[in-house]
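Heads up, the thing below is written out as C-alpha cells.
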Amino acid sequence: MNPYTVEQKIVLEALQVSEKDGLTTKQVEERQAQYGPNKLQEKKKKTFFQKFLLQFKDVMIAILLVAAAVSFGIAIYEGEAKEFFEPCLILAIVIANAIIGVMQENKAEAALDALQKMSAPYARVKRNGKEEVVESSQIVPGDILLLEAGDFIPADARLLTSASLKSEESALTGESVASEKDATVLVADKVALGDRVNMLYSGCSVTYGRATAVVTATAMNTEMGKIANLLDNEVDTQTPLQTKLAQLGKYLGILALAACAVVFVIGIIDGIHIMEIFMTSVSLAVSAIPEGLPAIVTIVLAIGVQRMVKRNAIIKHLPAVETLGSASVICSDKTGTLTQNRMTLVQAYDDASGVTEDITDHNGTDIRHLLKLAALCCDGSVTFEGDKVTHLGDPTETSIVLAAHNNGMPKEQINTENKRVGELPFDSDRKLMTTIHDMDGKIIAITKGAFDVIADRCTAGDLDKAKELTEEMSERALRVLAVAIKELKEVPENPVSETLENDLTFVGLVGMIDPPRPEVRDAVKVCRRAGIRPVMITGDHVVTATAIAKDLGIFQEGDEAITGVELQAMPEEELDRRVEHIAVYARVSPEDKIRIVKAWQKKDRIVSMTGDGVNDAPALKAADIGCAMGITGTDVSKGAADIILTDDNFTTIVDAVEEGRGIYANIRKTVCFLLGTNIGEVLTVFTAMLIWGKSPLLSMQLLWINLVTDSLPAIALGMEPVEKDVMDRPPKPKNEGIFAHGLGLMVGMQGVMFAVLCLLGYHIGFSETGDVTSGRTMTFMILALVQVIHSYNMRSHNSLFKTGIFGNKNLNKADLLSIVLIALVLFVPPITMIFGMTQLPIHLYLISLALAFVPVVVTEILKAFHLMHY
C-alpha cells in the first residue's frame, strides 16, 4: 500500500495509531526495537588498525622504515647483537609516534561526534495523548508529527491535516520552488515524488503553514534513505587556516629536505658511514617536517569547541571558530536574545468600550473578550503540572494564552467552542497572522500583528487613540500587538492575504513586557572595549526598541534608529554611508537583514547575525557568522547557521567571540612553538655538519626528541585558558595572516636561538672531553629540555611570573612526562648507551641545564618591552 493513494484513516489503521492520542510508550519501544533509530546509515568509520596504518603514509616515515629494515638486514648479515639496537629502537619510536597520532585523531573525532549529537534535530510528536519533543532519531513509524514553518521533516509522513502548507523538497526533486501540500488530496499510484502533494519527506523542511502527519517510513526506508548511497560523498574538509598551514608545511618540508640532502652529502664527503648519515638525514627530515601541524590544529579547534559548549554555544562548522576571533559587528535580535524572553501580558486596551486595564485574573468583560480573540489567533500553548507552567511555542503567543487561561478561558476550551476552520500562518514579510473561526454560527477572521501594519488594513475603529496608546506603551518598553476582526460570508477555499487581511475592524491592543537580560549590559560594555559594534535588529516598534537599546548601552549619543520602511526607501549609497551610525533597526524584514550585513561587509567588517525564523536562513548564510537560537529557533535557521546559541542569549555570542579569540591565540602559540623547535633542530644539525663535519645528534636521538617534546606540549598549549586581556584588543582584521605581528620573525629567532645554544653545548662537551659522544649528550639534553621549558614561555605574551608558572595543568602533565622520558635516556646507563650517549661530569649537566633556561631570560626581556604577541 502506498500511503499517498489512500485515505488518512486507512493509513492510521494500518499503522495501528490514533490521530488524537498518538502512539503509546509501549508501542514506541516495540517499534524502536523493530525498526531501529531513525538515522541514515553512516559512513563506516576507520578502525584503529586502519588509522594506525595511515600514520605511515608519509613518504619520509616510509623511507625511515625502509632504512631501518636495511639496517636490520645489515645487522643480521654482520651478526653483531649491538647492531640490532638502532633499527629496533627506530622502529619502536616510529610505532609509538603512530599510536600517539591515532590517539590524537580519536580524540578530535570524539569531540566532533559529541558536537554533532548536540546539534541533532528534534521533532514535536503526539504520544500518550500529549505533545512531546523528542530527538528525531527516536521517531518511529506511526508517530504523529506536529509541524510548522521552519521545521525539518524527520521522516516520510502522510499528511493528516494541513493549513497553507508548503515544503521545500529540492534535496529530493531538484525543484527550488517550495511545493504546495494538501492533506485532503488523493494521488494516483506511482506518480512522481514531486507530485505527491499529500506526503512530506525526510530531509526536507516546512517553509510555510502548519500540519499534522503520521510517519510512514523512517531511516533507510525513507525516500532519502533509498538514495543514501548516492549521497555518501562526505569528505574530510579542512578550515582555511589548516589549508594554509598544510601548504606552509610543504614549503618548510622542501627546505628541510634540501638541508637534509646537504647534511647527507657533507657526511659522505667527511667519511661518515653511509648508513649512519643516511639514517640521521632521514630522521632529521621526519623530525623537522611539520606534517602533523594541521592535525594538531584540528585537535586545538575541537578542544576549544568543546569549551564553547560549556558556555552555551554549539559550533557547527570548525571554520566558524577562526572567524569568531575576527568578529567586529554583532547584529542581534531583541526578543529573547537581548531580553529575557519571559513575556508577560501586562496591559490591554479594548477599542469598542475605550477601556484600558492592567492584566489580572479577573479582568472586565470587554478585556476578556479581547483576550479570547487574541488567544484564538495563537498556535502557542501552556501546560500545567502542579505549580509548574510550561510554555510551548512563541513566548509572545504563550503570554496571551496564559492571560486568557488565568481569566477562565483555557485554550482547549475556547478552541473547541470556536472551531478553527482556516488560517494564514504568520510570516515575517506580512508580520501578521490570521485564523478563521466558526463563532456562534458566524465565520470570523481574527488577525493579530504589529499595530502600524494592522492599522493600514483597518477601515473601522479609533485608530488615532490606538496610535497614541501604542506610542505610550512602547516608550515604557512594552511590546504591543494589535487585534482586528473581519466577518466573512463563508470559509474561503484558498485564503489569501489580499482579501482576508484587508477591510478589518480594529478590536484592541495587548501590551507585554519582556525585561532586558541584566547580564547583557556588561556584555555590551565588553563589546565596546573589544572594538565590536553591537547593533539591535528587531521586528518590534522603533520606540520600544530604542528604549531597550538605550537601557542596554547599544544606543548611544549620536546613534540613529530607523524602521524597515525607511531602510527600504534608502538607496545603497546612503546605507553604506550611514550604516556605522545606525544602532537600531525596527520593523525589518529578513531581506533587510541581508542588506545590513552586506553594508557592514563593504566596510571590511566581520559580521555576526542572529536569527530564528525560516526566512532568516538567507541572512544567516550571508553573515560571516550566523547564530541561530537554540530554544526559539526553527530547524531551518539552525541548519543555515554556523553557531547555535543553546540559551538564546546575546552574552553567549560575546562569550563565543572571547573563546574564538582565545582559540586563535592558542593556535598561534602552538604553531610558533612547533615551527620554532623544528627549525632549531634543522639548523643545529645543518650548521654542525658545515662546521665540524659531524652530526651533533644521531637518528634515534632526533626521533626521541620528536616523540617526547613535540606533540604533547603542543596540544597542551592549545588547551591554555583564554587570557584575561583577550577582549581588550581590537578584532583581528579580515585578511590578517597567522604570522602577523612579527610571529614569523619570532619563529625564525627561536629556531636560531635553539641552534646557537645546542651548538654551544656540543662545542663545550666535545672540547672538555674530546669525545663526540659527550658533545651529542649535551646537545640532546639542551635541545630536549629547551623545548620543554620554552613551552611555558609560549603560554602568554605577558610575563610568565605574572600569569603564573604552573597555571596550565595539562601542560604541567605533558612536560612532566616529557622530562621523565628525557631523564630516562640521560641517566639510566643501559638506555643511555643504547641511545649513543654517555654519562657526563656533573658540571656539564649543570651547564646544559643553564643553557636550556636561557630562552626564559630572553623571552622575559622581549615581553617586558612588549615585543612578543600571540
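We label chains A, B, ... in the order they appear in the C-alpha cells, count residues from 1 in each chain, and number ligands from 1 in the order shown.
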Hey, could you make a per-residue contact list for segment 736-768 of chain A against segment 311-334 of chain A with 12 Å as the cut-off, showing the nearest pair of atoms and its distance in Å to one decimal, counting only C-alpha atoms, sorted by chain and number, as CSV?
```
residue,atom,partner,partner_atom,distance
A:Glu736,CA,A:Ser326,CA,9.4
A:Gly737,CA,A:Glu322,CA,11.5
A:Ile738,CA,A:Glu322,CA,10.6
```
With N, CA, C and O atoms retained, write the just-selected residues as an mmCIF file, in the first residue's frame.
```
data_model
loop_
_atom_site.group_PDB
_atom_site.id
_atom_site.type_symbol
_atom_site.label_atom_id
_atom_site.label_comp_id
_atom_site.auth_asym_id
_atom_site.auth_seq_id
_atom_site.Cartn_x
_atom_site.Cartn_y
_atom_site.Cartn_z
ATOM 1 N N GLU A 736 44.063 39.138 7.816
ATOM 2 C CA GLU A 736 45.344 39.060 8.525
ATOM 3 C C GLU A 736 45.826 37.613 8.586
ATOM 4 O O GLU A 736 45.079 36.703 8.951
ATOM 5 N N GLY A 737 47.081 37.391 8.243
ATOM 6 C CA GLY A 737 47.659 36.051 8.270
ATOM 7 C C GLY A 737 48.053 35.640 9.673
ATOM 8 O O GLY A 737 48.150 36.467 10.582
ATOM 9 N N ILE A 738 48.296 34.338 9.852
ATOM 10 C CA ILE A 738 48.617 33.829 11.178
ATOM 11 C C ILE A 738 49.986 34.302 11.661
ATOM 12 O O ILE A 738 50.263 34.359 12.859
#
```
| request: Just the helix (DSSP H, G or I) stuff from segment 454-579 of chain A, please, per backbone DSSP, written as an MDAnalysis selection string. | output: chainID A and resid 454:455 463:475 497:500 518:529 542:552 564:568 572:579
| request: Just the residues within 7 Å of Leu717 of chain A, please, counting only C-alpha atoms, with nothing from its chain fewer than 2 positions along; format it as a PyMOL selection string. | output: chain A and resi 666+670+713-715+719-720+795+811
| remark: Shortest contact to Asp195 of chain A, candidates A:Tyr4, A:Phe264, A:Phe506, A:Phe52, atoms counted only C-alpha atoms, goes to A:Tyr4
| task | Name the residues in contact with Leu23 of chain A at a cut-off of 9 Å, using only C-alpha atoms, excluding same-chain residues fewer than 3 positions from it; report them as a PyMOL selection string. | result | chain A and resi 16-19+26-28+126-129+142-144
| field | Option closest in space to Thr339 of chain A, from A:Leu675, A:Leu432, A:Ile513, A:Ala716 [counting only C-alpha atoms] | value | A:Ile513
| Asn418 of chain A environment, 10 Å, only C-alpha atoms, sequence neighbours closer than 4 positions dropped, as a list in words | Leu373, Leu376, Glu412, Gln413, Ile414, Ile436, His437, Asp438, Met439, Asp440, Gly441, Lys442, Ile443 and Ile444 of chain A
Please dump the current selection as a PDB file, in the first residue's frame; keep N, CA and C atoms.
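Below is the file out07.pdb, written as the result:
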```
ATOM      1  N   LEU A 373     -10.259  36.601  21.747  1.00  0.00           N
ATOM      2  CA  LEU A 373      -9.958  36.720  20.316  1.00  0.00           C
ATOM      3  C   LEU A 373      -8.449  36.550  20.063  1.00  0.00           C
ATOM      4  N   LEU A 376      -7.380  32.908  20.520  1.00  0.00           N
ATOM      5  CA  LEU A 376      -7.799  32.051  19.398  1.00  0.00           C
ATOM      6  C   LEU A 376      -6.838  32.176  18.216  1.00  0.00           C
ATOM      7  N   GLU A 412      -7.818  25.030  25.194  1.00  0.00           N
ATOM      8  CA  GLU A 412      -8.542  23.868  24.653  1.00  0.00           C
ATOM      9  C   GLU A 412     -10.040  24.146  24.603  1.00  0.00           C
ATOM     10  N   GLN A 413     -10.535  24.813  25.656  1.00  0.00           N
ATOM     11  CA  GLN A 413     -11.974  25.091  25.742  1.00  0.00           C
ATOM     12  C   GLN A 413     -12.426  26.073  24.671  1.00  0.00           C
ATOM     13  N   ILE A 414     -11.712  27.197  24.534  1.00  0.00           N
ATOM     14  CA  ILE A 414     -12.170  28.197  23.551  1.00  0.00           C
ATOM     15  C   ILE A 414     -11.934  27.697  22.124  1.00  0.00           C
ATOM     16  N   ILE A 436      -9.313  31.709  11.069  1.00  0.00           N
ATOM     17  CA  ILE A 436     -10.749  31.820  10.757  1.00  0.00           C
ATOM     18  C   ILE A 436     -11.497  30.855  11.665  1.00  0.00           C
ATOM     19  N   HIS A 437     -12.553  31.337  12.315  1.00  0.00           N
ATOM     20  CA  HIS A 437     -13.277  30.526  13.301  1.00  0.00           C
ATOM     21  C   HIS A 437     -14.784  30.557  13.058  1.00  0.00           C
ATOM     22  N   ASP A 438     -15.417  29.460  13.429  1.00  0.00           N
ATOM     23  CA  ASP A 438     -16.880  29.392  13.466  1.00  0.00           C
ATOM     24  C   ASP A 438     -17.299  29.800  14.875  1.00  0.00           C
ATOM     25  N   MET A 439     -17.771  31.048  15.017  1.00  0.00           N
ATOM     26  CA  MET A 439     -18.103  31.607  16.333  1.00  0.00           C
ATOM     27  C   MET A 439     -19.591  31.913  16.400  1.00  0.00           C
ATOM     28  N   ASP A 440     -20.314  31.066  17.126  1.00  0.00           N
ATOM     29  CA  ASP A 440     -21.765  31.256  17.297  1.00  0.00           C
ATOM     30  C   ASP A 440     -22.471  31.365  15.950  1.00  0.00           C
ATOM     31  N   GLY A 441     -22.070  30.501  15.023  1.00  0.00           N
ATOM     32  CA  GLY A 441     -22.718  30.462  13.707  1.00  0.00           C
ATOM     33  C   GLY A 441     -22.197  31.478  12.720  1.00  0.00           C
ATOM     34  N   LYS A 442     -21.269  32.343  13.147  1.00  0.00           N
ATOM     35  CA  LYS A 442     -20.673  33.326  12.234  1.00  0.00           C
ATOM     36  C   LYS A 442     -19.247  32.912  11.895  1.00  0.00           C
ATOM     37  N   ILE A 443     -18.828  33.240  10.675  1.00  0.00           N
ATOM     38  CA  ILE A 443     -17.449  32.962  10.254  1.00  0.00           C
ATOM     39  C   ILE A 443     -16.641  34.239  10.489  1.00  0.00           C
ATOM     40  N   ILE A 444     -15.742  34.191  11.478  1.00  0.00           N
ATOM     41  CA  ILE A 444     -14.972  35.363  11.875  1.00  0.00           C
ATOM     42  C   ILE A 444     -13.472  35.118  11.634  1.00  0.00           C
TER      43      ILE A 444
END
```
| message | Between A:Thr652, A:Ser608, A:Thr212, A:Ser164, which residue has the minimum interatomic distance to Lys310 of chain A, considering only C-alpha atoms? | response |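 Answer, going by the shortest atom-to-atom distance: A:Thr652.
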| request: Just the residues within 9 Å of segment 723-735 of chain A, please, counting only C-alpha atoms, with nothing from its chain fewer than 2 positions along; format it as a VMD selection string. | output: chain A and resid 323 325 to 328 526 to 527 529 to 532 604 to 606 657 to 658 661 to 662 665 720 to 721 737 796 803
Those same residues, written as an mmCIF file, in the first residue's frame with N, CA and C atoms?
```cif
data_model
loop_
_atom_site.group_PDB
_atom_site.id
_atom_site.type_symbol
_atom_site.label_atom_id
_atom_site.label_comp_id
_atom_site.auth_asym_id
_atom_site.auth_seq_id
_atom_site.Cartn_x
_atom_site.Cartn_y
_atom_site.Cartn_z
ATOM 1 N N THR A 323 36.727 32.464 12.347
ATOM 2 C CA THR A 323 36.042 33.711 12.022
ATOM 3 C C THR A 323 35.615 34.459 13.284
ATOM 4 N N GLY A 325 37.032 34.922 16.066
ATOM 5 C CA GLY A 325 38.072 35.781 16.638
ATOM 6 C C GLY A 325 38.176 37.123 15.941
ATOM 7 N N SER A 326 37.592 37.224 14.737
ATOM 8 C CA SER A 326 37.668 38.464 13.965
ATOM 9 C C SER A 326 36.382 39.280 14.018
ATOM 10 N N ALA A 327 35.342 38.764 14.685
ATOM 11 C CA ALA A 327 34.035 39.434 14.686
ATOM 12 C C ALA A 327 34.162 40.882 15.152
ATOM 13 N N SER A 328 33.622 41.791 14.350
ATOM 14 C CA SER A 328 33.706 43.214 14.708
ATOM 15 C C SER A 328 32.335 43.888 14.769
ATOM 16 N N VAL A 526 31.696 44.976 27.287
ATOM 17 C CA VAL A 526 32.828 44.158 26.817
ATOM 18 C C VAL A 526 32.998 44.328 25.309
ATOM 19 N N CYS A 527 31.874 44.327 24.575
ATOM 20 C CA CYS A 527 31.920 44.531 23.117
ATOM 21 C C CYS A 527 32.604 45.853 22.771
ATOM 22 N N ARG A 529 34.649 47.590 24.529
ATOM 23 C CA ARG A 529 36.068 47.540 24.894
ATOM 24 C C ARG A 529 36.870 46.726 23.876
ATOM 25 N N ALA A 530 36.220 45.709 23.308
ATOM 26 C CA ALA A 530 36.905 44.806 22.378
ATOM 27 C C ALA A 530 36.853 45.300 20.935
ATOM 28 N N GLY A 531 36.295 46.503 20.719
ATOM 29 C CA GLY A 531 36.217 47.040 19.358
ATOM 30 C C GLY A 531 35.115 46.416 18.533
ATOM 31 N N ILE A 532 34.099 45.861 19.190
ATOM 32 C CA ILE A 532 32.985 45.203 18.499
ATOM 33 C C ILE A 532 31.749 46.094 18.607
ATOM 34 N N ASP A 604 34.632 46.081 5.253
ATOM 35 C CA ASP A 604 35.623 45.075 5.668
ATOM 36 C C ASP A 604 35.442 44.656 7.124
ATOM 37 N N ARG A 605 34.186 44.587 7.560
ATOM 38 C CA ARG A 605 33.902 44.149 8.916
ATOM 39 C C ARG A 605 33.400 42.709 8.898
ATOM 40 N N ILE A 606 33.749 41.951 9.935
ATOM 41 C CA ILE A 606 33.250 40.586 10.096
ATOM 42 C C ILE A 606 31.952 40.664 10.896
ATOM 43 N N VAL A 657 32.796 34.819 21.056
ATOM 44 C CA VAL A 657 33.845 35.637 20.423
ATOM 45 C C VAL A 657 35.116 35.596 21.279
ATOM 46 N N GLU A 658 34.925 35.696 22.595
ATOM 47 C CA GLU A 658 36.076 35.638 23.514
ATOM 48 C C GLU A 658 36.798 34.295 23.385
ATOM 49 N N ARG A 661 38.648 34.132 20.057
ATOM 50 C CA ARG A 661 39.925 34.851 20.120
ATOM 51 C C ARG A 661 40.965 34.030 20.876
ATOM 52 N N GLY A 662 40.519 33.403 21.979
ATOM 53 C CA GLY A 662 41.442 32.589 22.775
ATOM 54 C C GLY A 662 41.947 31.392 22.000
ATOM 55 N N ALA A 665 44.462 32.529 19.424
ATOM 56 C CA ALA A 665 45.735 32.848 20.086
ATOM 57 C C ALA A 665 46.485 31.568 20.443
ATOM 58 N N GLU A 720 45.367 25.980 26.665
ATOM 59 C CA GLU A 720 45.624 27.114 27.557
ATOM 60 C C GLU A 720 44.336 27.916 27.766
ATOM 61 N N PRO A 721 43.994 28.239 29.022
ATOM 62 C CA PRO A 721 42.786 29.052 29.254
ATOM 63 C C PRO A 721 42.879 30.398 28.529
ATOM 64 N N GLY A 737 47.081 37.391 8.243
ATOM 65 C CA GLY A 737 47.659 36.051 8.270
ATOM 66 C C GLY A 737 48.053 35.640 9.673
ATOM 67 N N SER A 796 51.821 32.813 27.181
ATOM 68 C CA SER A 796 51.218 34.140 27.144
ATOM 69 C C SER A 796 52.232 35.168 26.667
ATOM 70 N N THR A 803 51.494 35.635 34.837
ATOM 71 C CA THR A 803 50.395 34.707 34.524
ATOM 72 C C THR A 803 50.385 33.506 35.462
#
```
| message | Let me make sure I understand: among A:Ala586, A:Leu12, A:Val300, A:Val206, which one has the smallest atom-to-atom distance to Arg158 of chain A if we use only C-alpha atoms? | response | A:Leu12
| message | Can you tell me which residues surround segment 420-425 of chain A at a distance of at most 10 Å, considering only C-alpha atoms, apart from same-chain residues fewer than 5 positions away, and format the answer as an MDAnalysis selection string? | response | chainID A and resid 148:149 162:165 208:210 376:379 415 430:439 443:447 491:497 500:501
| message | I need the residues of segment 195-354 of chain A that end up classed as strand (DSSP E or B) by DSSP on the backbone, written out as an NGL selection string. | response | :A and (199-200 or 205-217 or 313-315 or 329-333 or 339 or 344-350)
| said: With distances taken over only C-alpha atoms, which residue among A:Ala256, A:Ala814, A:Val636, A:Ile296 lies nearest Leu284 of chain A? | reply: A:Ala256
Per residue of segment 692-772 of chain A within 10 Å of segment 817-829 of chain A, note the shortest atom pair and the distance in Å to one decimal, counting only C-alpha atoms, and order the rows by chain and increasing residue number, as a Markdown table.
```
| residue | atom | partner | partner_atom | distance |
| --- | --- | --- | --- | --- |
| A:Gln701 | CA | A:Val825 | CA | 9.3 |
| A:Trp704 | CA | A:Ile822 | CA | 8.5 |
| A:Ile705 | CA | A:Ile822 | CA | 8.0 |
| A:Leu707 | CA | A:Ser818 | CA | 8.9 |
| A:Val708 | CA | A:Ser818 | CA | 5.1 |
| A:Thr709 | CA | A:Ser818 | CA | 6.0 |
| A:Asp710 | CA | A:Ser818 | CA | 9.4 |
| A:Leu712 | CA | A:Ser818 | CA | 8.2 |
| A:Pro713 | CA | A:Ser818 | CA | 8.4 |
```
